[in-house]
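Peer 1: Take this structure first; my questions come after.
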Amino acid sequence: MAPKRKRQETGKEKRASKRTKATIVHSEFPKLSEKSAKAASAKGNQTIGTPATYSHWLLKSEPNSRFENGVDMKFSFDDLKSSPNQTACWDGVRNYQARNFLRDQMKLGHDVFFYHSNCKEPGIIGQCKVVKESYPDHTQFDPKDPHYDRTSSKDNPKWFMVDVKYVRPLDKFITLAELKKTHKAHQSSAGPLRNLALFTKARLSVQPLSQEEWDYILKMEHSDES
DNA sequence: GCCAACGTTGGC
DNA sequence: GCCAACGTTGGC
């Protein structure tokens, strides 16, 4: 299958085995690595606020060709549409925070914005949805793949992915510029996009959205603003 | 192509 | 466990 386009490097991690839900302490965003998650847990159960759970997401993908170890990282919204069954696995994510969202929180039927990044006009182009929950990302086991991770094993995979299916293009492409403008305005007015991960966690390729953020962005789809 | 922001690594 | 060096992301 054609590789998707989800960057982020390989690192080292000590995997925490068999943690039970009850013992996991989440801050609003999961920890950056298993190591720091363990460190945070070890500090005791001083819960840092209510565990945030999400059911809406934004996935970044590059619509333009860019080669990494001879492999094209391009995966546009149209590429998703023309995939078999209009469905693709979201492989190649190599960032712990993003991995944790993929592995732990993205559930069947969850709504997803498809975002075009690293291109002339970045922005949200369409909607897709989760059609298969977390399973091991095969590219970590393939030495020829740019996202190969020699520190991972089939017995104890480090990286996970979900499958997403094309839903629809937005009626209006929502540009990064428009989102940023709104985000800045909402920072002053305490509006719904004041904490949008696109700006507060800019480098994250798998981003959570609150219901409020999701709804607001959908409204922008039919607003007059340029 | 530049480079700011930020995640990871590894020495100490 | 700190933190400097390094590498990557992704807008511009």
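In the structure tokens, each chain is lettered A, B, ... as it comes, each chain's residues begin at 1, and ligands are numbered from 1 in order of appearance.
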How would you write, as a PyMOL selection string, the set of residues in range 61-201 of chain A that DSSP gives as strand (DSSP E)?

Peer 2: chain A and resi 61+67-68+71-72+87-89+111-116+123-136+160-175

Peer 1: Give me, as a tab-separated table, the closest atom pair and its distance (Å, one decimal) for every residue of chain B within a cut-off of 12 Å of chain A, counting only C-alpha atoms (C1' of nucleotides), rows sorted by chain and rising number.

Peer 2:
residue	atom	partner	partner_atom	distance
B:DA4	C1'	A:Ala202	CA	11.8
B:DA5	C1'	A:Arg203	CA	8.5
B:DC6	C1'	A:Arg203	CA	7.9
B:DG7	C1'	A:Leu32	CA	8.1
B:DT8	C1'	A:Gly11	CA	6.4
B:DT9	C1'	A:Gly11	CA	8.2
B:DG10	C1'	A:Lys12	CA	11.3

Peer 1: Could you give me, as number ranges by chain, the residues within 10 Å of range 185-197 of chain A, counting only C-alpha atoms (C1' of nucleotides) and dropping anything in the same chain fewer than 2 positions from it?

Peer 2: A: 58, 179-183, 199-217

Peer 1: Could the residues in this selection be written to a file with C-alpha atoms, as a PDB file, in the first residue's frame?

Peer 2:
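Done, and the output landed in selection06.pdb:
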ATOM      1  CA  LEU A  58      -7.317  16.648  12.603  1.00  0.00           C
ATOM      2  CA  LEU A 179      -7.941  29.601  11.003  1.00  0.00           C
ATOM      3  CA  LYS A 180      -5.047  31.613  12.367  1.00  0.00           C
ATOM      4  CA  LYS A 181      -6.928  34.874  12.079  1.00  0.00           C
ATOM      5  CA  THR A 182      -9.854  33.370  13.963  1.00  0.00           C
ATOM      6  CA  HIS A 183      -7.578  31.775  16.523  1.00  0.00           C
ATOM      7  CA  PHE A 199      -1.405  26.699  16.772  1.00  0.00           C
ATOM      8  CA  THR A 200      -0.776  25.605  20.337  1.00  0.00           C
ATOM      9  CA  LYS A 201       0.727  22.247  19.270  1.00  0.00           C
ATOM     10  CA  ALA A 202       1.681  23.237  15.766  1.00  0.00           C
ATOM     11  CA  ARG A 203       4.023  20.375  15.017  1.00  0.00           C
ATOM     12  CA  LEU A 204       1.716  17.594  16.083  1.00  0.00           C
ATOM     13  CA  SER A 205       0.434  15.634  13.078  1.00  0.00           C
ATOM     14  CA  VAL A 206      -2.456  13.963  14.882  1.00  0.00           C
ATOM     15  CA  GLN A 207      -4.393  16.644  16.687  1.00  0.00           C
ATOM     16  CA  PRO A 208      -7.429  16.439  18.943  1.00  0.00           C
ATOM     17  CA  LEU A 209     -10.325  18.865  18.624  1.00  0.00           C
ATOM     18  CA  SER A 210     -12.964  19.566  21.212  1.00  0.00           C
ATOM     19  CA  GLN A 211     -16.585  19.299  20.150  1.00  0.00           C
ATOM     20  CA  GLU A 212     -16.737  23.072  20.332  1.00  0.00           C
ATOM     21  CA  GLU A 213     -13.748  23.493  18.038  1.00  0.00           C
ATOM     22  CA  TRP A 214     -15.114  20.980  15.566  1.00  0.00           C
ATOM     23  CA  ASP A 215     -18.510  22.665  15.449  1.00  0.00           C
ATOM     24  CA  TYR A 216     -17.020  26.104  15.038  1.00  0.00           C
ATOM     25  CA  ILE A 217     -14.815  25.064  12.149  1.00  0.00           C
TER      26      ILE A 217
END

Peer 1: Could you name the residues that touch Asp224 in chain A at 12 Å or less, counting only C-alpha atoms (C1' of nucleotides), but leaving out those on the same chain fewer than 5 positions away, as a ChimeraX atom specification?

Peer 2: /A:171-172,174,178,219

Peer 1: May I have the residues within 10 Å of Tyr148 in chain A as a list in words, using only C-alpha atoms (C1' of nucleotides) and disregarding those fewer than 5 positions away in the same chain?

Peer 2: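 Listed by chain and then number, they are Glu9, Thr10, Gly92, Arg94, Asp137, His138, Thr139, Gln140, Phe141, Asp142 and Pro143 of chain A.
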